$ cat final-v4.cif   # mmCIF, N, CA, C and O atoms
data_query
#
loop_
_atom_site.label_atom_id
_atom_site.label_comp_id
_atom_site.auth_asym_id
_atom_site.auth_seq_id
_atom_site.Cartn_x
_atom_site.Cartn_y
_atom_site.Cartn_z
N MET A 181 -13.70 2.58 26.71
CA MET A 181 -13.72 1.93 25.41
C MET A 181 -15.01 1.13 25.23
O MET A 181 -15.58 1.14 24.16
N SER A 182 -15.44 0.46 26.25
CA SER A 182 -16.65 -0.34 26.17
C SER A 182 -17.88 0.54 25.91
O SER A 182 -18.79 0.14 25.19
N GLU A 183 -17.90 1.74 26.49
CA GLU A 183 -19.00 2.67 26.26
C GLU A 183 -19.06 3.07 24.79
O GLU A 183 -20.13 3.15 24.20
N PHE A 184 -17.91 3.31 24.20
CA PHE A 184 -17.84 3.69 22.79
C PHE A 184 -18.38 2.59 21.89
O PHE A 184 -19.16 2.84 20.97
N ILE A 185 -17.99 1.35 22.18
CA ILE A 185 -18.45 0.21 21.36
C ILE A 185 -19.95 0.02 21.52
O ILE A 185 -20.65 -0.22 20.53
N LYS A 186 -20.47 0.14 22.73
CA LYS A 186 -21.91 -0.01 22.94
C LYS A 186 -22.69 1.09 22.24
O LYS A 186 -23.75 0.84 21.68
N LYS A 187 -22.15 2.29 22.25
CA LYS A 187 -22.83 3.43 21.65
C LYS A 187 -22.86 3.33 20.12
O LYS A 187 -23.82 3.73 19.49
N HIS A 188 -21.78 2.79 19.52
CA HIS A 188 -21.66 2.78 18.07
C HIS A 188 -21.65 1.37 17.49
O HIS A 188 -21.09 1.12 16.43
N GLN A 189 -22.29 0.44 18.15
CA GLN A 189 -22.21 -0.97 17.73
C GLN A 189 -22.81 -1.21 16.34
O GLN A 189 -22.27 -2.01 15.57
N LEU A 190 -23.88 -0.54 15.99
CA LEU A 190 -24.46 -0.74 14.66
C LEU A 190 -23.55 -0.19 13.57
O LEU A 190 -23.38 -0.81 12.52
N GLY A 191 -22.94 0.95 13.82
CA GLY A 191 -22.01 1.52 12.84
C GLY A 191 -20.78 0.64 12.64
O GLY A 191 -20.33 0.44 11.51
N ILE A 192 -20.25 0.10 13.72
CA ILE A 192 -19.09 -0.78 13.64
C ILE A 192 -19.44 -2.07 12.90
O ILE A 192 -18.68 -2.54 12.06
N LEU A 193 -20.61 -2.61 13.19
CA LEU A 193 -21.07 -3.80 12.48
C LEU A 193 -21.24 -3.51 10.99
O LEU A 193 -20.87 -4.33 10.14
N GLY A 194 -21.76 -2.34 10.68
CA GLY A 194 -21.92 -1.94 9.29
C GLY A 194 -20.59 -1.82 8.57
O GLY A 194 -20.47 -2.17 7.38
N ILE A 195 -19.56 -1.34 9.26
CA ILE A 195 -18.23 -1.23 8.66
C ILE A 195 -17.69 -2.62 8.32
O ILE A 195 -17.16 -2.84 7.23
N PHE A 196 -17.83 -3.57 9.24
CA PHE A 196 -17.35 -4.93 8.98
C PHE A 196 -18.11 -5.60 7.85
O PHE A 196 -17.53 -6.17 6.93
N VAL A 197 -19.42 -5.53 7.90
CA VAL A 197 -20.24 -6.17 6.87
C VAL A 197 -20.00 -5.52 5.52
O VAL A 197 -19.84 -6.20 4.49
N GLY A 198 -19.94 -4.20 5.50
CA GLY A 198 -19.68 -3.49 4.25
C GLY A 198 -18.32 -3.80 3.66
O GLY A 198 -18.17 -3.93 2.45
N GLY A 199 -17.31 -3.93 4.50
CA GLY A 199 -15.98 -4.29 4.02
C GLY A 199 -15.95 -5.66 3.39
O GLY A 199 -15.35 -5.88 2.34
N ILE A 200 -16.62 -6.60 4.03
CA ILE A 200 -16.68 -7.96 3.49
C ILE A 200 -17.44 -7.98 2.17
O ILE A 200 -16.99 -8.59 1.18
N LEU A 201 -18.57 -7.29 2.12
CA LEU A 201 -19.36 -7.26 0.89
C LEU A 201 -18.64 -6.49 -0.23
O LEU A 201 -18.73 -6.86 -1.40
N GLY A 202 -17.91 -5.44 0.14
CA GLY A 202 -17.13 -4.70 -0.86
C GLY A 202 -16.04 -5.55 -1.47
O GLY A 202 -15.83 -5.54 -2.69
N TYR A 203 -15.35 -6.31 -0.64
CA TYR A 203 -14.32 -7.20 -1.18
C TYR A 203 -14.94 -8.33 -2.00
O TYR A 203 -14.39 -8.70 -3.04
N ALA A 204 -16.06 -8.85 -1.56
CA ALA A 204 -16.74 -9.90 -2.32
C ALA A 204 -17.17 -9.37 -3.68
O ALA A 204 -17.06 -10.08 -4.69
N TYR A 205 -17.61 -8.13 -3.74
CA TYR A 205 -17.99 -7.54 -5.02
C TYR A 205 -16.77 -7.46 -5.94
O TYR A 205 -16.84 -7.78 -7.12
N TYR A 206 -15.64 -7.02 -5.39
CA TYR A 206 -14.40 -6.96 -6.19
C TYR A 206 -14.01 -8.35 -6.68
O TYR A 206 -13.66 -8.53 -7.84
N HIS A 207 -14.08 -9.32 -5.81
CA HIS A 207 -13.62 -10.67 -6.14
C HIS A 207 -14.52 -11.36 -7.17
O HIS A 207 -14.02 -11.97 -8.12
N PHE A 208 -15.82 -11.28 -6.98
CA PHE A 208 -16.73 -12.03 -7.84
C PHE A 208 -17.18 -11.26 -9.09
O PHE A 208 -17.43 -11.86 -10.13
N ILE A 209 -17.29 -9.95 -9.00
CA ILE A 209 -17.77 -9.16 -10.13
C ILE A 209 -16.63 -8.32 -10.71
O ILE A 209 -16.28 -8.45 -11.87
N GLY A 210 -16.06 -7.46 -9.89
CA GLY A 210 -14.88 -6.70 -10.24
C GLY A 210 -14.99 -5.88 -11.51
O GLY A 210 -16.06 -5.49 -11.94
N CYS A 211 -13.82 -5.64 -12.10
CA CYS A 211 -13.72 -4.82 -13.29
C CYS A 211 -12.72 -5.48 -14.24
O CYS A 211 -11.55 -5.65 -13.90
N ASN A 212 -13.16 -5.84 -15.41
CA ASN A 212 -12.30 -6.55 -16.36
C ASN A 212 -11.20 -5.67 -16.95
O ASN A 212 -10.10 -6.12 -17.20
N THR A 213 -11.49 -4.41 -17.20
CA THR A 213 -10.54 -3.54 -17.88
C THR A 213 -9.54 -2.89 -16.93
O THR A 213 -8.49 -2.46 -17.36
N GLY A 214 -9.87 -2.78 -15.66
CA GLY A 214 -8.98 -2.13 -14.71
C GLY A 214 -9.15 -0.62 -14.67
O GLY A 214 -8.40 0.08 -14.01
N THR A 215 -10.12 -0.08 -15.38
CA THR A 215 -10.33 1.36 -15.42
C THR A 215 -11.44 1.83 -14.50
O THR A 215 -11.70 3.03 -14.42
N CYS A 216 -12.10 0.92 -13.84
CA CYS A 216 -13.18 1.29 -12.92
C CYS A 216 -12.57 1.87 -11.64
O CYS A 216 -11.68 1.26 -11.05
N ALA A 217 -13.06 3.01 -11.22
CA ALA A 217 -12.45 3.71 -10.08
C ALA A 217 -12.62 2.94 -8.77
O ALA A 217 -11.69 2.90 -7.96
N ILE A 218 -13.76 2.35 -8.55
CA ILE A 218 -14.03 1.69 -7.27
C ILE A 218 -13.65 0.22 -7.29
O ILE A 218 -13.02 -0.29 -6.37
N THR A 219 -14.02 -0.49 -8.33
CA THR A 219 -13.89 -1.94 -8.32
C THR A 219 -12.60 -2.47 -8.95
O THR A 219 -12.43 -3.67 -9.06
N SER A 220 -11.69 -1.60 -9.35
CA SER A 220 -10.45 -2.09 -9.98
C SER A 220 -9.44 -2.59 -8.96
O SER A 220 -8.57 -3.39 -9.29
N LYS A 221 -9.53 -2.13 -7.72
CA LYS A 221 -8.61 -2.55 -6.66
C LYS A 221 -9.40 -3.00 -5.44
O LYS A 221 -10.42 -2.41 -5.10
N PRO A 222 -8.93 -4.04 -4.76
CA PRO A 222 -9.68 -4.53 -3.60
C PRO A 222 -9.75 -3.52 -2.45
O PRO A 222 -10.73 -3.49 -1.72
N VAL A 223 -8.73 -2.68 -2.31
CA VAL A 223 -8.74 -1.69 -1.23
C VAL A 223 -9.84 -0.66 -1.47
O VAL A 223 -10.58 -0.30 -0.56
N ASN A 224 -9.95 -0.19 -2.71
CA ASN A 224 -10.98 0.80 -3.03
C ASN A 224 -12.37 0.22 -2.85
O ASN A 224 -13.26 0.86 -2.28
N SER A 225 -12.57 -0.99 -3.33
CA SER A 225 -13.88 -1.62 -3.23
C SER A 225 -14.25 -1.89 -1.77
O SER A 225 -15.39 -1.66 -1.37
N SER A 226 -13.30 -2.34 -0.97
CA SER A 226 -13.57 -2.60 0.45
C SER A 226 -13.85 -1.31 1.20
O SER A 226 -14.75 -1.26 2.04
N ALA A 227 -13.08 -0.26 0.92
CA ALA A 227 -13.29 1.02 1.60
C ALA A 227 -14.66 1.60 1.25
O ALA A 227 -15.36 2.12 2.13
N TYR A 228 -15.05 1.52 -0.01
CA TYR A 228 -16.37 2.00 -0.41
C TYR A 228 -17.46 1.19 0.27
O TYR A 228 -18.45 1.75 0.75
N GLY A 229 -17.27 -0.12 0.35
CA GLY A 229 -18.24 -0.97 1.04
C GLY A 229 -18.34 -0.64 2.51
O GLY A 229 -19.43 -0.65 3.09
N MET A 230 -17.21 -0.36 3.14
CA MET A 230 -17.21 -0.01 4.56
C MET A 230 -17.97 1.30 4.79
O MET A 230 -18.76 1.41 5.74
N PHE A 231 -17.73 2.26 3.93
CA PHE A 231 -18.42 3.55 4.04
C PHE A 231 -19.93 3.39 3.86
O PHE A 231 -20.73 3.89 4.66
N MET A 232 -20.32 2.66 2.83
CA MET A 232 -21.74 2.45 2.57
C MET A 232 -22.39 1.59 3.66
O MET A 232 -23.52 1.84 4.06
N GLY A 233 -21.65 0.60 4.17
CA GLY A 233 -22.17 -0.22 5.25
C GLY A 233 -22.43 0.59 6.50
O GLY A 233 -23.45 0.42 7.18
N TYR A 234 -21.50 1.51 6.81
CA TYR A 234 -21.70 2.38 7.98
C TYR A 234 -22.94 3.25 7.80
O TYR A 234 -23.75 3.38 8.72
N LEU A 235 -23.09 3.82 6.61
CA LEU A 235 -24.26 4.67 6.38
C LEU A 235 -25.57 3.90 6.48
O LEU A 235 -26.53 4.37 7.10
N VAL A 236 -25.61 2.72 5.89
CA VAL A 236 -26.85 1.94 5.91
C VAL A 236 -27.18 1.47 7.32
O VAL A 236 -28.30 1.61 7.79
N PHE A 237 -26.19 0.93 8.03
CA PHE A 237 -26.47 0.40 9.37
C PHE A 237 -26.76 1.52 10.37
O PHE A 237 -27.53 1.32 11.30
N SER A 238 -26.16 2.68 10.19
CA SER A 238 -26.41 3.77 11.15
C SER A 238 -27.80 4.38 10.97
O SER A 238 -28.27 5.10 11.84
N MET A 239 -28.46 4.08 9.85
CA MET A 239 -29.84 4.57 9.67
C MET A 239 -30.77 3.92 10.68
O MET A 239 -31.80 4.49 11.03
N PHE A 240 -30.44 2.73 11.17
CA PHE A 240 -31.31 2.00 12.07
C PHE A 240 -31.04 2.29 13.54
O PHE A 240 -31.65 1.68 14.40
N LYS A 241 -30.16 3.22 13.81
CA LYS A 241 -29.85 3.58 15.19
C LYS A 241 -31.01 4.38 15.77
O LYS A 241 -31.54 5.28 15.13
N LYS A 242 -31.41 4.00 16.96
CA LYS A 242 -32.50 4.71 17.61
C LYS A 242 -31.98 6.05 18.12
O LYS A 242 -30.93 6.12 18.75
N SER A 243 -32.73 7.08 17.86
CA SER A 243 -32.32 8.41 18.34
C SER A 243 -32.97 8.69 19.69
O SER A 243 -34.08 8.22 19.98
N LYS A 244 -32.27 9.45 20.48
CA LYS A 244 -32.80 9.83 21.78
C LYS A 244 -33.73 11.02 21.58
O LYS A 244 -33.37 12.00 20.96
N LYS A 245 -34.91 10.90 22.12
CA LYS A 245 -35.87 11.99 22.02
C LYS A 245 -35.78 12.83 23.29
O LYS A 245 -35.78 12.31 24.39
N THR A 246 -35.73 14.12 23.07
CA THR A 246 -35.70 15.02 24.22
C THR A 246 -37.04 15.71 24.31
O THR A 246 -37.68 16.03 23.30
N ASP A 247 -37.48 15.94 25.51
CA ASP A 247 -38.77 16.57 25.74
C ASP A 247 -38.53 18.03 26.10
O ASP A 247 -38.05 18.35 27.19
N HIS A 248 -38.83 18.90 25.16
CA HIS A 248 -38.69 20.34 25.40
C HIS A 248 -40.08 20.92 25.62
O HIS A 248 -40.80 21.22 24.70
N ALA A 249 -40.44 21.05 26.89
CA ALA A 249 -41.78 21.54 27.21
C ALA A 249 -41.78 23.00 27.51
O ALA A 249 -40.94 23.70 27.76
#
$ encode --input "final-v4.cif" --output "structure tokens"
Amino acid sequence: MSEFIKKHQLGILGIFVGGILGYAYYHFIGCNTGTCAITSKPVNSSAYGMFMGYLVFSMFKKSKKTDHA
């Protein structure tokens, strides 16, 4: 389990940060009419934030370079 967390620590951090920011977006900005697909419910907004947070944070993961000589 510890190996998994060390290997994917940036992605996991991105999920947490994205979830918090997604909920904050719902809470502070949200959708007045209730017809917005993402921001009308806190679950949708948090899930979208988690997904986007994972994508953004995983961009900064260092890739292993292999030497094919």
$ resolve_selection --input "final-v4.cif" --expression "the PyMOL selection byres ((chain A and resi 227) around 8)" --output "ChimeraX atom specification"
/A:195,198-200,202-203,218,221-226,228-234
$ atom_distance --input "final-v4.cif" --atom1 "atom C of Ala217 (chain A)" --atom2 "CA of Tyr205 (chain A)"
12.4 Å
$ select_by_dssp --input "final-v4.cif" --residues "chain A" --states "helix (DSSP H, G or I)" --output "ChimeraX atom specification"
/A:182-187,189-208,222-238
$ atom_distance --input "final-v4.cif" --atom1 "atom O of Lys244 (chain A)" --atom2 "atom O of Ser182 (chain A)"
19.3 Å
$ closest_residue --input "final-v4.cif" --among "A:Ser238, A:Thr215, A:Ile209, A:Ser220" --to "Leu190 (chain A)" --atoms "only N, CA, C and O atoms"
A:Ser238
$ atom_distance --input "final-v4.cif" --atom1 "atom N of Gly191 (chain A)" --atom2 "atom C of Phe237 (chain A)"
5.2 Å
$ closest_residue --input "final-v4.cif" --among "A:Met181, A:Lys187, A:Cys211, A:Val197" --to "Lys241 (chain A)" --atoms "only N, CA, C and O atoms"
A:Lys187
$ axis_aligned_box --input "final-v4.cif" --around "region 208-225 of chain A" --padding-each-side "5 Å" --output "lines of an AutoDock Vina configuration file"
center_x = -13.1
center_y = -4.2
center_z = -9.2
size_x = 19.4
size_y = 25.7
size_z = 27.3
